[in-house]
Amino acid sequence: MSLPRIPRDPENDYTREAAQRRRDLVMEETGAGLDHVSSFSFDPGVLPGNIENFIGVAQVPIGLAGPLLVDGEHAKGEFYVPMATTEGTLVASYSRGMKLCAEAGGVKTTIVEDRMQRAPAFLFASAREARDFVAWLDAHYDELREVAESTTSTGKLIEIERYHASRFVYTRFDYTTGDAAGQNMVSKATWFACEWIKKHYPPLNGYMLDAQLSTDKKHSHINTLKTRGKRVVAEITLPGEVLERRMRVTARQVYRARQIATQGGMLAGTSANTPHPANGIASVFIATGQDEANVAESQAAIGYSELRGDDYYASVTLPSLIVATYGGGTALPTQSECLKVLGCDGPGKVRKLAEIIAATVLCGDLSLGAAVVADEWVEAHETHGRNR
């Protein structure tokens with residue numbers, strides 16, 4: 001016996017009544033109560049383009065970390081950081097790191113690269129035809145850029161990367177995307193460009209709009225090298241006296257621990273050699289309406305540290321931080337409120353958000369790293385991180 005189809009209203013499926021019909025179906029078929037799922041404060045009419053078959057909300061607790069002091073090019077000053085999580089001690093640990101960094105003058109942040117890709121593969125009869133196609137791409141780049149950019153008011157084509165294998169040319173069309181994360185934007189722009197190529201280059205056998213070289217929503221080394229989203233560096237020099245007083249560790253102890261942990265990360269083949277970048281990124285992503293699947297790429301992190309006399313220099317580079325302040329879930333009521341808390345609502349704020357997230361990641365990594373060295377990690381979780 002098959003389950004009944006999920007109810008949908010072809011006229012308007014984003015109403016409280018439509019959501020109630022689907023909840024009634026679930027309760028009848030499974031016996032599950034949906035009292036909390038059904039408790040939400042906004043009009044479902046704001047949801048088209050964000051979700052289908054809406055039944056309610058997942059209520060994730062939001063905590064406030066901070067104040068976070070940032071010395072960025074786009075984020076300057078102090079910020080309260082909303083973090084959505086169910087992991088006890090997480091918000092407390094990030095706040096601890098933020099207080100440490102504030103006493104040391106704040107986290108310096110720098111965006112060094114900004115690009116989003118779609119990665120079509122072009123198919124030819126042989127490797128020679130594939131090789132010749134690259135020269136044709138170079139000769140017609142300006143026309144391709146005009147075609148691609150005709151589909152968007154903000155996206156700009158900045159490069160077409162080319163990689164040969166067998167009789168295929170794998171490419172990465174790189175764009176800047178304004179305040180949007182831009183995956184859908186660059187898909188449309190690249191599709192128009194590919195259709196133009198198909199029309200104007202007869203030797204082409206066909207193309208695949210994305211052949212996985214963009215590694216969308218998956219970690220990859222090519223994005224660590226070439227950047228996807230924002231490439232952001234957060235850095236700070238911590239006075240040894242502040243480290244000892246706040247964290248009960250010395251700069252030399254922390255530095256030695258980072259050397260050992262980096263080697264351990266190399267042995268494991270991890271995409272990040274810092275303690276837990278995904279925690280800060282995921283919690284801010286959920287609070288501010290980012291695409292949560294982009295955590296897979298965004299959590300890649302390159303940590304570096306050095307001793308400067310009795311002081312400790314630390315930096316984290318996020319090579320694939322994919323964030324938005326426009327589009328996706330950023331305009332939904334809860335998420336919009338959290339962006340306002342950060343001062344990142346409205347146009348021209350996406351780089352500010354990227355810098356705040358990078359600074360948050362560094363503070364969290366410093367806090368957890370010090371807790372491990374001081375042998376306070378387990379005790380903290382036992383005290384604050386268990387439901388009793």
# chains A, B, ... in the order shown; residues from 1 in each chain; ligands from 1

$ select_by_dssp --residues "stretch 82-307 of chain A" --states "strand (DSSP E)" --output "ChimeraX atom specification"
/A:82-84,107-118,121-123,156-165,168-176,206-208,229-238,302-307

$ closest_atom_pairs --of "stretch 73-167 of chain A" --to "stretch 312-331 of chain A" --cutoff "12 Å" --atoms "only C-alpha atoms" --output "CSV"
residue,atom,partner,partner_atom,distance
A:Cys101,CA,A:Ala314,CA,10.8
A:Ala104,CA,A:Tyr312,CA,10.7
A:Val107,CA,A:Ser315,CA,9.3
A:Lys108,CA,A:Ser315,CA,9.2
A:Thr109,CA,A:Ser315,CA,9.5
A:Thr110,CA,A:Thr317,CA,9.5
A:Ile111,CA,A:Leu318,CA,9.5
A:Val112,CA,A:Pro319,CA,9.2
A:Glu113,CA,A:Pro319,CA,8.4
A:Asp114,CA,A:Ser320,CA,9.0
A:Arg115,CA,A:Ser320,CA,9.2
A:Met116,CA,A:Ile322,CA,8.5
A:Gln117,CA,A:Ile322,CA,11.3
A:Thr154,CA,A:Tyr326,CA,11.5

$ write_last_selection --atoms "C-alpha atoms" --output "PDB file, in the first residue's frame"
ATOM      1  CA  CYS A 101      41.143  39.131  20.848  1.00  0.00           C
ATOM      2  CA  ALA A 104      44.717  42.390  22.084  1.00  0.00           C
ATOM      3  CA  VAL A 107      41.125  40.833  14.651  1.00  0.00           C
ATOM      4  CA  LYS A 108      42.520  42.249  11.422  1.00  0.00           C
ATOM      5  CA  THR A 109      40.664  40.959   8.350  1.00  0.00           C
ATOM      6  CA  THR A 110      41.522  41.160   4.654  1.00  0.00           C
ATOM      7  CA  ILE A 111      39.641  39.890   1.589  1.00  0.00           C
ATOM      8  CA  VAL A 112      42.203  38.974  -1.049  1.00  0.00           C
ATOM      9  CA  GLU A 113      40.045  37.322  -3.724  1.00  0.00           C
ATOM     10  CA  ASP A 114      36.368  37.107  -4.737  1.00  0.00           C
ATOM     11  CA  ARG A 115      34.969  34.770  -7.382  1.00  0.00           C
ATOM     12  CA  MET A 116      32.209  32.234  -8.065  1.00  0.00           C
ATOM     13  CA  GLN A 117      32.316  29.518 -10.707  1.00  0.00           C
ATOM     14  CA  THR A 154      25.602  42.410 -11.052  1.00  0.00           C
TER      15      THR A 154
END

$ residues_around --residues "A:Tyr175" --least-positions-apart "6" --cutoff "12 Å" --atoms "only C-alpha atoms" --output "PyMOL selection string"
chain A and resi 113-119+145+148-149+152+154-161+181-190+227-230

$ residues_around --residues "stretch 341-358 of chain A" --least-positions-apart "2" --cutoff "6 Å" --atoms "only C-alpha atoms" --output "list in words"
His74, Ala75, Thr109, Asp179, Ala234, Ala324, Thr325, Cys338, Leu339, Thr360 and Val361 of chain A

$ write_last_selection --atoms "N, CA, C and O atoms" --output "PDB file, in the first residue's frame"
ATOM      1  N   HIS A  74      36.112  46.360   5.597  1.00  0.00           N
ATOM      2  CA  HIS A  74      34.671  46.510   5.426  1.00  0.00           C
ATOM      3  C   HIS A  74      33.926  46.399   6.756  1.00  0.00           C
ATOM      4  O   HIS A  74      32.887  47.023   6.928  1.00  0.00           O
ATOM      5  N   ALA A  75      34.430  45.595   7.649  1.00  0.00           N
ATOM      6  CA  ALA A  75      33.861  45.470   8.996  1.00  0.00           C
ATOM      7  C   ALA A  75      34.799  46.159   9.974  1.00  0.00           C
ATOM      8  O   ALA A  75      35.933  45.709  10.168  1.00  0.00           O
ATOM      9  N   THR A 109      41.208  41.812   9.413  1.00  0.00           N
ATOM     10  CA  THR A 109      40.664  40.959   8.350  1.00  0.00           C
ATOM     11  C   THR A 109      40.934  41.574   6.985  1.00  0.00           C
ATOM     12  O   THR A 109      40.877  42.804   6.816  1.00  0.00           O
ATOM     13  N   ASP A 179      26.342  41.191  -4.082  1.00  0.00           N
ATOM     14  CA  ASP A 179      25.954  40.801  -2.729  1.00  0.00           C
ATOM     15  C   ASP A 179      25.409  39.378  -2.649  1.00  0.00           C
ATOM     16  O   ASP A 179      25.146  38.876  -1.555  1.00  0.00           O
ATOM     17  N   ALA A 234      42.057  36.294   8.410  1.00  0.00           N
ATOM     18  CA  ALA A 234      41.889  36.934   9.716  1.00  0.00           C
ATOM     19  C   ALA A 234      43.162  36.688  10.509  1.00  0.00           C
ATOM     20  O   ALA A 234      43.674  35.560  10.552  1.00  0.00           O
ATOM     21  N   ALA A 324      26.326  35.536   1.430  1.00  0.00           N
ATOM     22  CA  ALA A 324      25.466  36.470   0.715  1.00  0.00           C
ATOM     23  C   ALA A 324      24.761  37.375   1.713  1.00  0.00           C
ATOM     24  O   ALA A 324      24.520  36.986   2.860  1.00  0.00           O
ATOM     25  N   THR A 325      24.436  38.574   1.271  1.00  0.00           N
ATOM     26  CA  THR A 325      23.524  39.432   2.019  1.00  0.00           C
ATOM     27  C   THR A 325      22.307  39.779   1.168  1.00  0.00           C
ATOM     28  O   THR A 325      21.483  40.596   1.552  1.00  0.00           O
ATOM     29  N   CYS A 338      18.803  38.848  12.045  1.00  0.00           N
ATOM     30  CA  CYS A 338      20.180  38.558  12.463  1.00  0.00           C
ATOM     31  C   CYS A 338      21.191  39.339  11.627  1.00  0.00           C
ATOM     32  O   CYS A 338      22.230  39.779  12.145  1.00  0.00           O
ATOM     33  N   LEU A 339      20.919  39.515  10.335  1.00  0.00           N
ATOM     34  CA  LEU A 339      21.804  40.346   9.514  1.00  0.00           C
ATOM     35  C   LEU A 339      21.798  41.793  10.003  1.00  0.00           C
ATOM     36  O   LEU A 339      22.838  42.470  10.002  1.00  0.00           O
ATOM     37  N   THR A 360      35.312  35.697  13.452  1.00  0.00           N
ATOM     38  CA  THR A 360      34.650  34.777  14.389  1.00  0.00           C
ATOM     39  C   THR A 360      35.346  33.425  14.404  1.00  0.00           C
ATOM     40  O   THR A 360      35.586  32.840  15.470  1.00  0.00           O
ATOM     41  N   VAL A 361      35.681  32.914  13.221  1.00  0.00           N
ATOM     42  CA  VAL A 361      36.367  31.624  13.122  1.00  0.00           C
ATOM     43  C   VAL A 361      37.694  31.656  13.864  1.00  0.00           C
ATOM     44  O   VAL A 361      38.021  30.733  14.632  1.00  0.00           O
TER      45      VAL A 361
END

$ residues_around --residues "A:Glu306" --least-positions-apart "5" --cutoff "12 Å" --atoms "only C-alpha atoms" --output "list in words"
Glu235, Ile236, Thr237, Leu238, Ala251, Arg252, Gln253, Val254, Tyr255, Arg256, Ala257, Arg258, Gln259, Asp311, Tyr312, Tyr313, Ala314 and Ser315 of chain A

$ write_last_selection --atoms "N, CA and C atoms" --output "compact mmCIF listing (two decimals), in the first residue's frame"
# COMPACT_ATOMS: atom_id res chain seq x y z
N GLU A 235 43.68 37.73 11.16
CA GLU A 235 44.97 37.59 11.85
C GLU A 235 45.02 38.47 13.09
N ILE A 236 45.88 38.07 14.02
CA ILE A 236 46.04 38.81 15.26
C ILE A 236 47.37 38.45 15.90
N THR A 237 47.94 39.38 16.62
CA THR A 237 49.09 39.10 17.48
C THR A 237 48.64 39.25 18.93
N LEU A 238 48.74 38.16 19.69
CA LEU A 238 48.28 38.13 21.08
C LEU A 238 49.47 38.32 22.01
N ALA A 251 52.40 31.50 25.11
CA ALA A 251 52.50 31.52 23.66
C ALA A 251 53.27 30.32 23.14
N ARG A 252 54.33 29.94 23.83
CA ARG A 252 55.13 28.81 23.39
C ARG A 252 54.33 27.50 23.45
N GLN A 253 53.52 27.33 24.49
CA GLN A 253 52.70 26.12 24.60
C GLN A 253 51.69 26.03 23.45
N VAL A 254 51.05 27.15 23.15
CA VAL A 254 50.04 27.16 22.08
C VAL A 254 50.71 26.92 20.73
N TYR A 255 51.86 27.54 20.52
CA TYR A 255 52.57 27.38 19.26
C TYR A 255 52.98 25.92 19.05
N ARG A 256 53.50 25.30 20.08
CA ARG A 256 53.90 23.89 19.98
C ARG A 256 52.70 23.01 19.68
N ALA A 257 51.58 23.29 20.33
CA ALA A 257 50.37 22.50 20.08
C ALA A 257 49.91 22.65 18.64
N ARG A 258 50.01 23.86 18.07
CA ARG A 258 49.61 24.06 16.69
C ARG A 258 50.51 23.28 15.74
N GLN A 259 51.80 23.21 16.03
CA GLN A 259 52.70 22.42 15.18
C GLN A 259 52.29 20.94 15.18
N ASP A 311 55.13 36.88 22.41
CA ASP A 311 53.79 37.04 21.85
C ASP A 311 53.51 35.94 20.82
N TYR A 312 52.23 35.83 20.46
CA TYR A 312 51.78 34.75 19.58
C TYR A 312 50.99 35.34 18.42
N TYR A 313 51.50 35.14 17.20
CA TYR A 313 50.79 35.57 16.00
C TYR A 313 49.99 34.39 15.46
N ALA A 314 48.73 34.63 15.12
CA ALA A 314 47.89 33.57 14.56
C ALA A 314 47.07 34.13 13.41
N SER A 315 46.93 33.32 12.38
CA SER A 315 46.06 33.71 11.26
C SER A 315 45.29 32.50 10.78

$ select_by_dssp --residues "stretch 33-194 of chain A" --states "alpha helix (DSSP H)" --output "compact mmCIF listing (two decimals) with N, CA, C and O atoms, in the first residue's frame"
# COMPACT_ATOMS: atom_id res chain seq x y z
N LEU A 90 29.47 26.07 22.75
CA LEU A 90 29.99 26.67 21.52
C LEU A 90 29.97 28.20 21.61
O LEU A 90 30.98 28.86 21.37
N VAL A 91 28.82 28.77 21.92
CA VAL A 91 28.71 30.22 21.98
C VAL A 91 29.63 30.78 23.07
O VAL A 91 30.30 31.80 22.88
N ALA A 92 29.68 30.09 24.22
CA ALA A 92 30.55 30.54 25.31
C ALA A 92 32.01 30.53 24.88
O ALA A 92 32.78 31.46 25.20
N SER A 93 32.41 29.51 24.14
CA SER A 93 33.81 29.42 23.71
C SER A 93 34.15 30.52 22.72
O SER A 93 35.22 31.15 22.80
N TYR A 94 33.24 30.77 21.78
CA TYR A 94 33.51 31.85 20.82
C TYR A 94 33.55 33.20 21.52
O TYR A 94 34.39 34.06 21.20
N SER A 95 32.66 33.42 22.49
CA SER A 95 32.70 34.68 23.24
C SER A 95 34.02 34.84 23.98
O SER A 95 34.59 35.93 24.06
N ARG A 96 34.51 33.73 24.54
CA ARG A 96 35.79 33.76 25.25
C ARG A 96 36.92 34.18 24.31
O ARG A 96 37.76 35.02 24.64
N GLY A 97 36.93 33.60 23.13
CA GLY A 97 37.95 33.98 22.15
C GLY A 97 37.82 35.42 21.69
O GLY A 97 38.81 36.11 21.46
N MET A 98 36.58 35.89 21.58
CA MET A 98 36.36 37.28 21.18
C MET A 98 36.86 38.25 22.24
O MET A 98 37.43 39.30 21.92
N LYS A 99 36.65 37.93 23.52
CA LYS A 99 37.15 38.78 24.59
C LYS A 99 38.67 38.81 24.60
O LYS A 99 39.29 39.86 24.81
N LEU A 100 39.28 37.65 24.37
CA LEU A 100 40.74 37.57 24.28
C LEU A 100 41.26 38.48 23.17
O LEU A 100 42.18 39.28 23.38
N CYS A 101 40.66 38.37 22.00
CA CYS A 101 41.14 39.13 20.85
C CYS A 101 40.86 40.63 21.00
O CYS A 101 41.65 41.46 20.54
N ALA A 102 39.74 40.95 21.63
CA ALA A 102 39.44 42.37 21.85
C ALA A 102 40.49 43.02 22.73
O ALA A 102 40.92 44.17 22.48
N GLU A 103 40.94 42.31 23.76
CA GLU A 103 41.95 42.86 24.65
C GLU A 103 43.28 43.05 23.93
O GLU A 103 44.10 43.89 24.32
N ALA A 127 41.49 14.86 -29.00
CA ALA A 127 42.23 15.82 -28.19
C ALA A 127 42.70 17.02 -29.01
O ALA A 127 42.83 18.13 -28.49
N ARG A 128 42.96 16.82 -30.32
CA ARG A 128 43.43 17.93 -31.14
C ARG A 128 42.34 18.99 -31.31
O ARG A 128 42.61 20.19 -31.24
N GLU A 129 41.11 18.54 -31.55
CA GLU A 129 40.00 19.49 -31.64
C GLU A 129 39.81 20.22 -30.31
O GLU A 129 39.50 21.42 -30.28
N ALA A 130 39.99 19.49 -29.22
CA ALA A 130 39.86 20.12 -27.90
C ALA A 130 40.93 21.20 -27.71
O ALA A 130 40.65 22.29 -27.21
N ARG A 131 42.16 20.88 -28.13
CA ARG A 131 43.25 21.85 -28.02
C ARG A 131 42.96 23.10 -28.84
O ARG A 131 43.16 24.23 -28.38
N ASP A 132 42.46 22.92 -30.04
CA ASP A 132 42.18 24.06 -30.91
C ASP A 132 41.07 24.95 -30.34
O ASP A 132 41.05 26.17 -30.58
N PHE A 133 40.16 24.36 -29.63
CA PHE A 133 39.04 25.12 -29.06
C PHE A 133 39.53 26.19 -28.08
O PHE A 133 38.95 27.28 -27.98
N VAL A 134 40.60 25.90 -27.37
CA VAL A 134 41.10 26.86 -26.38
C VAL A 134 41.55 28.15 -27.07
O VAL A 134 41.29 29.26 -26.57
N ALA A 135 42.21 28.02 -28.21
CA ALA A 135 42.61 29.21 -28.95
C ALA A 135 41.39 30.01 -29.41
O ALA A 135 41.39 31.25 -29.38
N TRP A 136 40.35 29.31 -29.81
CA TRP A 136 39.11 29.98 -30.22
C TRP A 136 38.47 30.71 -29.03
O TRP A 136 37.96 31.82 -29.18
N LEU A 137 38.51 30.07 -27.85
CA LEU A 137 37.98 30.73 -26.65
C LEU A 137 38.70 32.04 -26.39
O LEU A 137 38.07 33.06 -26.08
N ASP A 138 40.02 32.02 -26.51
CA ASP A 138 40.80 33.24 -26.28
C ASP A 138 40.41 34.33 -27.27
O ASP A 138 40.26 35.50 -26.90
N ALA A 139 40.22 33.94 -28.51
CA ALA A 139 39.91 34.93 -29.55
C ALA A 139 38.52 35.53 -29.38
O ALA A 139 38.26 36.64 -29.85
N TYR A 141 36.83 35.80 -26.32
CA TYR A 141 36.53 36.02 -24.90
C TYR A 141 35.62 37.24 -24.69
O TYR A 141 34.67 37.19 -23.90
N ASP A 142 35.89 38.33 -25.36
CA ASP A 142 35.10 39.54 -25.16
C ASP A 142 33.64 39.31 -25.53
O ASP A 142 32.72 39.80 -24.84
N GLU A 143 33.39 38.56 -26.61
CA GLU A 143 32.01 38.27 -27.00
C GLU A 143 31.33 37.37 -25.97
O GLU A 143 30.16 37.58 -25.62
N LEU A 144 32.07 36.37 -25.48
CA LEU A 144 31.51 35.48 -24.46
C LEU A 144 31.18 36.25 -23.18
O LEU A 144 30.13 36.01 -22.56
N ARG A 145 32.04 37.15 -22.80
CA ARG A 145 31.79 37.94 -21.60
C ARG A 145 30.53 38.78 -21.77
O ARG A 145 29.69 38.87 -20.86
N GLU A 146 30.35 39.37 -22.95
CA GLU A 146 29.16 40.18 -23.20
C GLU A 146 27.90 39.34 -23.13
O GLU A 146 26.88 39.75 -22.54
N VAL A 147 27.93 38.13 -23.69
CA VAL A 147 26.77 37.25 -23.65
C VAL A 147 26.44 36.84 -22.22
O VAL A 147 25.29 36.89 -21.78
N ALA A 148 27.46 36.43 -21.48
CA ALA A 148 27.24 35.97 -20.10
C ALA A 148 26.70 37.10 -19.23
O ALA A 148 25.74 36.92 -18.47
N GLU A 149 27.28 38.28 -19.36
CA GLU A 149 26.89 39.39 -18.50
C GLU A 149 25.55 40.00 -18.89
O GLU A 149 24.95 40.74 -18.10
N GLN A 183 25.51 31.24 -7.07
CA GLN A 183 25.53 29.99 -7.82
C GLN A 183 24.49 29.96 -8.94
O GLN A 183 24.78 29.53 -10.06
N ASN A 184 23.27 30.39 -8.64
CA ASN A 184 22.22 30.40 -9.68
C ASN A 184 22.52 31.45 -10.74
O ASN A 184 22.29 31.24 -11.93
N MET A 185 23.04 32.58 -10.30
CA MET A 185 23.39 33.66 -11.23
C MET A 185 24.40 33.18 -12.26
O MET A 185 24.23 33.38 -13.47
N VAL A 186 25.46 32.50 -11.80
CA VAL A 186 26.51 32.08 -12.73
C VAL A 186 26.07 30.88 -13.56
O VAL A 186 26.58 30.68 -14.66
N SER A 187 25.13 30.09 -13.05
CA SER A 187 24.59 28.99 -13.86
C SER A 187 23.90 29.54 -15.10
O SER A 187 24.13 29.08 -16.24
N LYS A 188 23.04 30.54 -14.91
CA LYS A 188 22.31 31.12 -16.04
C LYS A 188 23.28 31.80 -17.00
O LYS A 188 23.19 31.62 -18.23
N ALA A 189 24.21 32.58 -16.47
CA ALA A 189 25.15 33.31 -17.33
C ALA A 189 25.99 32.34 -18.15
O ALA A 189 26.21 32.55 -19.36
N THR A 190 26.46 31.27 -17.51
CA THR A 190 27.32 30.31 -18.21
C THR A 190 26.52 29.50 -19.22
O THR A 190 27.03 29.17 -20.30
N TRP A 191 25.28 29.18 -18.91
CA TRP A 191 24.43 28.47 -19.87
C TRP A 191 24.25 29.29 -21.14
O TRP A 191 24.35 28.76 -22.26
N PHE A 192 23.99 30.59 -21.00
CA PHE A 192 23.87 31.45 -22.17
C PHE A 192 25.16 31.44 -22.98
O PHE A 192 25.14 31.37 -24.21
N ALA A 193 26.30 31.51 -22.27
CA ALA A 193 27.59 31.50 -22.97
C ALA A 193 27.81 30.18 -23.71
O ALA A 193 28.29 30.17 -24.85
N CYS A 194 27.46 29.08 -23.06
CA CYS A 194 27.63 27.76 -23.69
C CYS A 194 26.74 27.61 -24.93
O CYS A 194 27.16 27.03 -25.94

$ atom_distance --atom1 "atom CA of A:Thr151" --atom2 "atom CA of A:Ile197"
15.6 Å

$ atom_distance --atom1 "atom CA of A:Val81" --atom2 "atom CA of A:Phe285"
11.1 Å

$ residues_around --residues "A:His221" --least-positions-apart "4" --cutoff "12 Å" --atoms "only C-alpha atoms" --output "NGL selection string"
:A and (213-215 or 225-228 or 269-272 or 297 or 300-302 or 319-320)
